>>> print(open('coords.csv').read())   # CSV, C-alpha atoms
chain,number,residue,atom,x,y,z
A,1,MET,CA,0.0,0.0,0.0
A,2,ARG,CA,2.9,2.4,0.8
A,3,TRP,CA,4.4,1.9,-2.7
A,4,ILE,CA,1.0,2.5,-4.3
A,5,ARG,CA,0.8,5.9,-2.5
A,6,VAL,CA,4.3,6.7,-3.6
A,7,TRP,CA,3.6,5.8,-7.2
A,8,LEU,CA,0.4,7.9,-7.2
A,9,LEU,CA,2.3,10.9,-5.8
A,10,LEU,CA,5.0,10.6,-8.5
A,11,TRP,CA,2.3,10.1,-11.2
A,12,MET,CA,0.5,13.3,-10.0
A,13,THR,CA,3.7,15.2,-10.1
A,14,CYS,CA,4.4,14.1,-13.7
A,15,PHE,CA,0.8,14.9,-14.7
A,16,PHE,CA,1.3,18.5,-13.4
A,17,VAL,CA,4.3,19.2,-15.6
A,18,ALA,CA,4.0,16.7,-18.4
A,19,PRO,CA,4.3,16.6,-21.3
A,20,ALA,CA,6.3,19.8,-21.8
A,21,TYR,CA,8.8,19.1,-19.1
A,22,ALA,CA,9.0,15.3,-19.2
A,23,ARG,CA,12.7,15.5,-20.0
A,24,ILE,CA,13.3,17.1,-16.6
A,25,PHE,CA,12.4,14.0,-14.7
A,26,ALA,CA,15.0,11.7,-16.1
A,27,GLY,CA,17.6,10.4,-13.7
A,28,GLY,CA,15.5,10.6,-10.5
A,29,SER,CA,14.5,14.2,-10.7
A,30,ILE,CA,10.9,13.6,-9.7
A,31,PRO,CA,11.8,13.0,-6.1
A,32,LEU,CA,14.2,15.9,-6.2
A,33,LEU,CA,11.4,18.2,-7.5
A,34,TYR,CA,9.1,17.0,-4.7
A,35,GLU,CA,11.8,17.5,-2.1
A,36,ALA,CA,12.7,20.9,-3.4
A,37,ARG,CA,9.1,22.0,-3.4
A,38,THR,CA,8.7,20.9,0.2
A,39,GLN,CA,11.9,22.7,1.3
A,40,LEU,CA,10.8,25.9,-0.6
A,41,LYS,CA,7.5,26.0,1.1
A,42,ALA,CA,9.3,25.5,4.4
A,43,SER,CA,11.7,28.4,3.6
A,44,ASN,CA,14.6,26.1,4.1
A,45,LEU,CA,17.2,28.3,2.5
A,46,ASP,CA,20.2,26.1,3.5
A,47,TRP,CA,18.7,23.1,1.6
A,48,LEU,CA,18.0,25.1,-1.5
A,49,GLU,CA,21.5,26.7,-1.6
A,50,TYR,CA,23.2,23.4,-1.0
A,51,HIS,CA,21.4,20.9,-3.2
A,52,ILE,CA,20.3,23.0,-6.3
A,53,PRO,CA,23.5,24.9,-7.3
A,54,VAL,CA,25.5,21.6,-7.6
A,55,LEU,CA,23.3,20.2,-10.3
A,56,GLU,CA,24.5,20.4,-13.9
A,57,PRO,CA,22.6,23.0,-15.9
A,58,ALA,CA,20.6,20.3,-17.8
A,59,ARG,CA,19.0,19.4,-14.5
A,60,ARG,CA,19.2,22.6,-12.5
A,61,GLU,CA,17.6,25.0,-15.0
A,62,PRO,CA,14.5,23.0,-15.9
A,63,LEU,CA,14.1,22.0,-12.2
A,64,LEU,CA,14.1,25.6,-11.1
A,65,TYR,CA,11.7,26.6,-13.9
A,66,VAL,CA,9.1,24.1,-12.9
A,67,LEU,CA,9.7,24.7,-9.2
A,68,LEU,CA,9.2,28.4,-9.5
A,69,SER,CA,6.3,28.0,-11.9
A,70,GLN,CA,4.4,25.9,-9.4
A,71,TYR,CA,5.3,28.4,-6.6
A,72,TYR,CA,4.0,31.3,-8.7
A,73,GLN,CA,0.8,29.5,-9.7
A,74,LEU,CA,0.0,28.9,-6.1
A,75,LYS,CA,0.4,32.6,-5.5
A,76,LEU,CA,2.6,32.0,-2.5
A,77,LEU,CA,4.5,34.8,-0.9
A,78,PRO,CA,8.2,34.3,-0.1
A,79,SER,CA,9.4,34.7,3.5
A,80,ASN,CA,11.9,37.4,4.3
A,81,GLN,CA,14.8,35.0,4.3
A,82,LEU,CA,13.8,33.7,0.8
A,83,VAL,CA,13.5,37.1,-0.9
A,84,PRO,CA,17.3,37.4,-1.4
A,85,TRP,CA,17.4,33.9,-2.9
A,86,PHE,CA,14.7,34.9,-5.4
A,87,LYS,CA,16.6,38.1,-6.2
A,88,ARG,CA,19.7,36.1,-7.0
A,89,LEU,CA,17.8,33.8,-9.3
A,90,ALA,CA,16.1,36.8,-11.0
A,91,GLY,CA,19.5,38.2,-11.9
A,92,GLN,CA,21.0,35.0,-13.3
A,93,ARG,CA,21.2,34.2,-17.0
A,94,PRO,CA,20.1,30.7,-18.2
A,95,THR,CA,22.7,28.8,-20.2
A,96,LEU,CA,20.3,26.4,-22.0
A,97,ILE,CA,18.8,28.2,-25.0
A,98,GLU,CA,16.6,27.1,-27.9
A,99,HIS,CA,15.9,28.4,-31.4
A,100,VAL,CA,12.3,28.6,-32.5
A,101,LYS,CA,10.6,30.1,-35.5
A,102,ILE,CA,7.8,32.5,-34.7
A,103,ASP,CA,5.9,34.3,-37.5
A,104,GLY,CA,8.7,33.4,-39.8
A,105,TYR,CA,11.4,34.8,-37.6
A,106,LEU,CA,14.1,32.7,-35.9
A,107,ILE,CA,14.1,33.6,-32.2
A,108,THR,CA,16.7,32.6,-29.7
A,109,ARG,CA,15.4,32.4,-26.1
A,110,PRO,CA,16.1,30.6,-22.8
A,111,ARG,CA,14.7,27.1,-22.9
A,112,TYR,CA,13.8,27.4,-19.2
A,113,ASP,CA,13.5,31.0,-18.2
A,114,TYR,CA,13.5,30.6,-14.5
A,115,PRO,CA,14.8,34.1,-13.8
A,116,ALA,CA,11.6,35.5,-15.4
A,117,MET,CA,9.6,33.3,-13.0
A,118,ALA,CA,11.7,34.6,-10.1
A,119,ARG,CA,10.9,38.1,-11.1
A,120,ALA,CA,7.2,37.4,-11.4
A,121,ILE,CA,7.3,36.0,-7.8
A,122,LEU,CA,9.1,39.1,-6.6
A,123,ASN,CA,6.6,41.4,-8.3
A,124,HIS,CA,3.8,39.5,-6.6
A,125,TRP,CA,5.5,39.8,-3.3
A,126,GLN,CA,6.3,43.5,-3.7
A,127,ALA,CA,2.7,44.1,-4.8
A,128,ARG,CA,1.4,42.6,-1.6
A,129,GLN,CA,3.8,44.8,0.4
A,130,TYR,CA,2.3,47.9,-1.2
A,131,GLN,CA,-1.3,46.8,-1.0
A,132,GLU,CA,-2.2,47.9,2.5
A,133,GLN,CA,-0.6,51.3,2.0
A,134,TYR,CA,-2.3,51.9,-1.3
A,135,ALA,CA,-5.7,50.9,-0.1
A,136,ARG,CA,-5.5,53.5,2.7
A,137,GLN,CA,-4.3,56.2,0.3
A,138,LEU,CA,-7.0,55.4,-2.2
A,139,ARG,CA,-9.7,55.6,0.5
A,140,ASP,CA,-8.3,59.0,1.7
A,141,GLY,CA,-8.0,60.3,-1.9
A,142,VAL,CA,-4.2,61.0,-1.5
A,143,PHE,CA,-2.9,58.2,-3.8
A,144,PRO,CA,0.1,59.5,-5.9
A,145,TRP,CA,-1.2,58.5,-9.4
A,146,GLN,CA,1.1,60.7,-11.3
A,147,THR,CA,4.2,59.5,-9.5
A,148,ILE,CA,3.5,55.8,-10.0
A,149,PHE,CA,1.8,55.7,-13.4
A,150,GLN,CA,4.5,57.2,-15.6
A,151,SER,CA,6.5,55.3,-18.1
A,152,LYS,CA,9.9,55.8,-16.4
A,153,ASN,CA,8.9,54.2,-13.1
A,154,PRO,CA,11.1,51.0,-12.9
A,155,THR,CA,8.7,49.3,-10.4
A,156,LEU,CA,5.5,50.2,-12.2
A,157,LEU,CA,4.3,46.7,-12.8
A,158,ALA,CA,4.6,45.6,-9.2
A,159,GLN,CA,3.0,48.8,-8.0
A,160,GLN,CA,0.2,48.5,-10.5
A,161,GLN,CA,-0.6,45.0,-9.3
A,162,ALA,CA,-0.8,46.4,-5.8
A,163,VAL,CA,-3.3,49.0,-6.9
A,164,VAL,CA,-5.4,46.2,-8.5
A,165,TYR,CA,-5.3,44.3,-5.2
A,166,ALA,CA,-6.2,47.4,-3.2
A,167,LEU,CA,-9.2,48.3,-5.5
A,168,GLY,CA,-10.8,45.1,-4.3
A,169,GLU,CA,-10.9,46.5,-0.7
A,170,LEU,CA,-12.8,49.7,-1.6
A,171,ASP,CA,-16.5,50.4,-1.4
A,172,ARG,CA,-18.5,51.5,-4.4
A,173,GLN,CA,-18.4,55.2,-3.6
A,174,GLN,CA,-14.6,55.2,-3.4
A,175,LEU,CA,-14.3,53.2,-6.6
A,176,GLU,CA,-16.6,55.7,-8.4
A,177,ARG,CA,-14.5,58.6,-7.2
A,178,ILE,CA,-11.4,56.8,-8.7
A,179,TYR,CA,-13.2,56.2,-12.0
A,180,GLN,CA,-14.1,59.9,-12.3
A,181,ARG,CA,-10.4,60.8,-11.6
A,182,LEU,CA,-9.2,58.5,-14.3
A,183,GLN,CA,-11.6,60.0,-16.8
A,184,LYS,CA,-10.4,63.5,-15.9
A,185,TYR,CA,-6.6,63.0,-15.9
A,186,SER,CA,-4.3,61.1,-18.2
A,187,TYR,CA,-1.8,58.6,-16.7
A,188,PHE,CA,0.4,56.0,-18.2
A,189,PHE,CA,-1.2,52.5,-17.9
A,190,PRO,CA,0.8,49.7,-19.6
A,191,ASP,CA,-2.2,47.5,-19.9
A,192,ASN,CA,-5.9,47.2,-18.9
A,193,SER,CA,-5.4,45.7,-15.5
A,194,VAL,CA,-6.4,48.7,-13.4
A,195,PHE,CA,-9.4,49.7,-15.5
A,196,ALA,CA,-10.5,46.1,-15.7
A,197,ALA,CA,-10.4,45.9,-11.9
A,198,LEU,CA,-12.5,49.1,-11.6
A,199,ALA,CA,-15.0,47.9,-14.1
A,200,ILE,CA,-15.4,44.4,-12.5
A,201,ASN,CA,-15.8,45.8,-9.0
A,202,LEU,CA,-18.2,48.5,-10.0
A,203,LYS,CA,-20.4,46.2,-12.1
A,204,ASN,CA,-21.4,49.2,-14.3
A,205,ARG,CA,-22.5,48.4,-17.8
A,206,HIS,CA,-21.2,51.7,-19.2
A,207,ILE,CA,-17.7,51.2,-17.7
A,208,LEU,CA,-17.6,47.6,-18.8
A,209,GLU,CA,-18.5,48.7,-22.3
A,210,GLN,CA,-15.6,51.2,-22.2
A,211,LEU,CA,-13.3,48.3,-21.2
A,212,PHE,CA,-14.4,46.0,-24.0
A,213,SER,CA,-14.2,48.8,-26.6
A,214,GLN,CA,-10.5,49.3,-25.9
A,215,ALA,CA,-7.5,47.4,-27.3
A,216,VAL,CA,-7.9,43.8,-26.1
A,217,ASP,CA,-5.3,42.2,-23.7
A,218,GLN,CA,-5.3,39.4,-21.2
A,219,TYR,CA,-7.0,41.5,-18.5
A,220,SER,CA,-9.9,42.2,-20.8
A,221,ILE,CA,-10.3,38.5,-21.4
A,222,ASN,CA,-10.0,37.7,-17.7
A,223,ALA,CA,-12.7,40.2,-17.0
A,224,LEU,CA,-15.1,38.4,-19.4
A,225,ASN,CA,-14.3,35.0,-17.7
A,226,TYR,CA,-14.9,36.6,-14.3
A,227,ILE,CA,-18.2,38.0,-15.3
A,228,ALA,CA,-19.3,34.6,-16.7
A,229,GLU,CA,-18.4,32.9,-13.4
A,230,HIS,CA,-19.4,35.4,-10.7
A,231,TYR,CA,-22.1,37.8,-12.0
A,232,THR,CA,-25.7,37.0,-11.8
A,233,PRO,CA,-26.6,35.0,-15.0
A,234,SER,CA,-29.0,37.5,-16.5
A,235,PHE,CA,-26.7,40.5,-16.0
A,236,ALA,CA,-23.6,38.5,-17.1
A,237,LEU,CA,-25.4,37.4,-20.3
A,238,ALA,CA,-26.4,41.0,-21.1
A,239,ILE,CA,-22.8,42.2,-20.6
A,240,LEU,CA,-21.3,39.4,-22.7
A,241,ILE,CA,-23.8,40.0,-25.6
A,242,GLN,CA,-22.8,43.6,-25.5
A,243,ALA,CA,-19.1,42.8,-25.5
A,244,ALA,CA,-19.6,40.5,-28.5
A,245,HIS,CA,-20.6,43.5,-30.6
A,246,HIS,CA,-16.9,44.5,-30.6
A,247,PRO,CA,-15.1,42.4,-33.3
A,248,GLN,CA,-11.8,42.5,-31.5
A,249,ILE,CA,-13.2,40.7,-28.4
A,250,LYS,CA,-16.2,38.9,-29.9
A,251,TYR,CA,-14.5,35.4,-29.9
A,252,TYR,CA,-13.6,35.7,-26.2
A,253,ALA,CA,-17.0,37.0,-25.3
A,254,LEU,CA,-18.7,34.0,-27.0
A,255,HIS,CA,-16.2,31.6,-25.3
A,256,ALA,CA,-17.1,33.1,-21.9
A,257,MET,CA,-20.8,32.6,-22.8
A,258,THR,CA,-20.2,28.9,-23.2
A,259,ASP,CA,-19.0,28.8,-19.6
A,260,LEU,CA,-22.0,30.9,-18.5
A,261,ALA,CA,-24.3,28.5,-20.4
A,262,LYS,CA,-23.3,25.7,-17.9
A,263,ARG,CA,-25.3,27.5,-15.2
A,264,ASP,CA,-27.8,29.6,-17.3
A,265,PRO,CA,-30.4,28.1,-19.7
A,266,ALA,CA,-30.8,31.5,-21.4
A,267,ALA,CA,-27.1,31.7,-22.2
A,268,ALA,CA,-27.1,28.1,-23.4
A,269,GLN,CA,-30.0,29.0,-25.8
A,270,TYR,CA,-28.1,32.1,-27.0
A,271,VAL,CA,-24.9,30.1,-27.7
A,272,GLN,CA,-26.9,27.5,-29.6
A,273,GLN,CA,-28.5,30.2,-31.8
A,274,GLN,CA,-25.1,31.7,-32.6
A,275,GLN,CA,-23.8,28.3,-33.6
A,276,VAL,CA,-26.7,27.9,-36.0
A,277,LYS,CA,-26.0,31.2,-37.8
>>> encode(input="coords.csv", output="structure tokens")
Amino acid sequence: MRWIRVWLLLWMTCFFVAPAYARIFAGGSIPLLYEARTQLKASNLDWLEYHIPVLEPARREPLLYVLLSQYYQLKLLPSNQLVPWFKRLAGQRPTLIEHVKIDGYLITRPRYDYPAMARAILNHWQARQYQEQYARQLRDGVFPWQTIFQSKNPTLLAQQQAVVYALGELDRQQLERIYQRLQKYSYFFPDNSVFAALAINLKNRHILEQLFSQAVDQYSINALNYIAEHYTPSFALAILIQAAHHPQIKYYALHAMTDLAKRDPAAAQYVQQQQVK
């Protein structure tokens, strides 16, 4: 029975990362990945600094990439003793590279870009550090929009993510005040994340229409999926139908409707009608 449990554990680990990273687990790397994941969650810096650097690049780099990818997907926050370790990884340069053709162009890139994953984890950590302060400033109307949302800010992405988190802590009146400010003044937003967070939390059809009429990015798409999952069915369907009128986002709106259709007969009927056309 014990061996059955071990086999199931290893199979589940393979399933999580296969097939893209199957090569990583040759030569006994599955137990190493499992142990590294355990030690990382325990903030055991001594273990991480002793066991991982001695591996040859062909094992170390993919192992780090999968390890950090799993850590990031779980939205874990590094302890204070782990932050310097993540910073060191973020500053490293992978030695394993690959050549791929994208849109007819030959691109050279890291095969396992674990430094990028380390930077993503640090951005998430930094955003959480800012979140409480930003929520307080946004409530009091003293948030420094011009200082943060300008193109030369080197920590803009982390600070922007903190703003998104903080918006979720505000009441409707505070959110409406922020929306009015953003309509009045011009700031540099690298993507739709802040406006999408405002629109989702306000649940205002006009503001959502503004979001879906803008250039589409992943945050617009995420907003559609959130609406399909969390809004009341009738309101969600009305928003998604409205969004589908915009050619640049129509495909994603119809895809979100298929998710909504699982819990709403009216959405299911609408999707079926669209398929007949």
>>> atom_distance(input="coords.csv", atom1="CA of Leu240 in chain A", atom2="CA of Ala162 in chain A")
27.5 Å
>>> atom_distance(input="coords.csv", atom1="CA of Val66 in chain A", atom2="CA of Pro190 in chain A")
27.7 Å
>>> closest_residue(input="coords.csv", among="A:Ala228, A:Phe188, A:Pro110, A:Leu170", to="Gln150 in chain A", atoms="all atoms listed in the file")
A:Phe188
>>> atom_distance(input="coords.csv", atom1="CA of Lys262 in chain A", atom2="CA of Leu211 in chain A")
24.9 Å
>>> residues_near_point(input="coords.csv", point="(-1.7, 54.6, -14.8)", cutoff="9 Å", atoms="all atoms listed in the file", output="PyMOL selection string")
chain A and resi 145-146+148-151+156+160+182+186-191+194
>>> closest_residue(input="coords.csv", among="A:Leu175, A:Ala223, A:Leu89, A:Ile102", to="Gly141 in chain A", atoms="all atoms listed in the file")
A:Leu175
>>> residues_around(input="coords.csv", residues="range 112-125 of chain A", least_positions_apart="5", cutoff="9 Å", atoms="only C-alpha atoms", output="PyMOL selection string")
chain A and resi 61-69+71-72+75-78+83+86-94+96-97+130+155+157-159+161-162
>>> write_last_selection(input="coords.csv", atoms="C-alpha atoms", output="short mmCIF file (atom, residue, chain, number, x, y, z; two decimals), in the frame of the given file")
data_model
loop_
_atom_site.label_atom_id
_atom_site.label_comp_id
_atom_site.auth_asym_id
_atom_site.auth_seq_id
_atom_site.Cartn_x
_atom_site.Cartn_y
_atom_site.Cartn_z
CA GLU A 61 17.60 25.00 -15.00
CA PRO A 62 14.50 23.00 -15.90
CA LEU A 63 14.10 22.00 -12.20
CA LEU A 64 14.10 25.60 -11.10
CA TYR A 65 11.70 26.60 -13.90
CA VAL A 66 9.10 24.10 -12.90
CA LEU A 67 9.70 24.70 -9.20
CA LEU A 68 9.20 28.40 -9.50
CA SER A 69 6.30 28.00 -11.90
CA TYR A 71 5.30 28.40 -6.60
CA TYR A 72 4.00 31.30 -8.70
CA LYS A 75 0.40 32.60 -5.50
CA LEU A 76 2.60 32.00 -2.50
CA LEU A 77 4.50 34.80 -0.90
CA PRO A 78 8.20 34.30 -0.10
CA VAL A 83 13.50 37.10 -0.90
CA PHE A 86 14.70 34.90 -5.40
CA LYS A 87 16.60 38.10 -6.20
CA ARG A 88 19.70 36.10 -7.00
CA LEU A 89 17.80 33.80 -9.30
CA ALA A 90 16.10 36.80 -11.00
CA GLY A 91 19.50 38.20 -11.90
CA GLN A 92 21.00 35.00 -13.30
CA ARG A 93 21.20 34.20 -17.00
CA PRO A 94 20.10 30.70 -18.20
CA LEU A 96 20.30 26.40 -22.00
CA ILE A 97 18.80 28.20 -25.00
CA TYR A 130 2.30 47.90 -1.20
CA THR A 155 8.70 49.30 -10.40
CA LEU A 157 4.30 46.70 -12.80
CA ALA A 158 4.60 45.60 -9.20
CA GLN A 159 3.00 48.80 -8.00
CA GLN A 161 -0.60 45.00 -9.30
CA ALA A 162 -0.80 46.40 -5.80
#
>>> residues_around(input="coords.csv", residues="Ala236 in chain A", least_positions_apart="2", cutoff="12 Å", atoms="all atoms listed in the file", output="PyMOL selection string")
chain A and resi 200+203-205+208+223-234+238-243+253-254+256-261+263-264+266-267
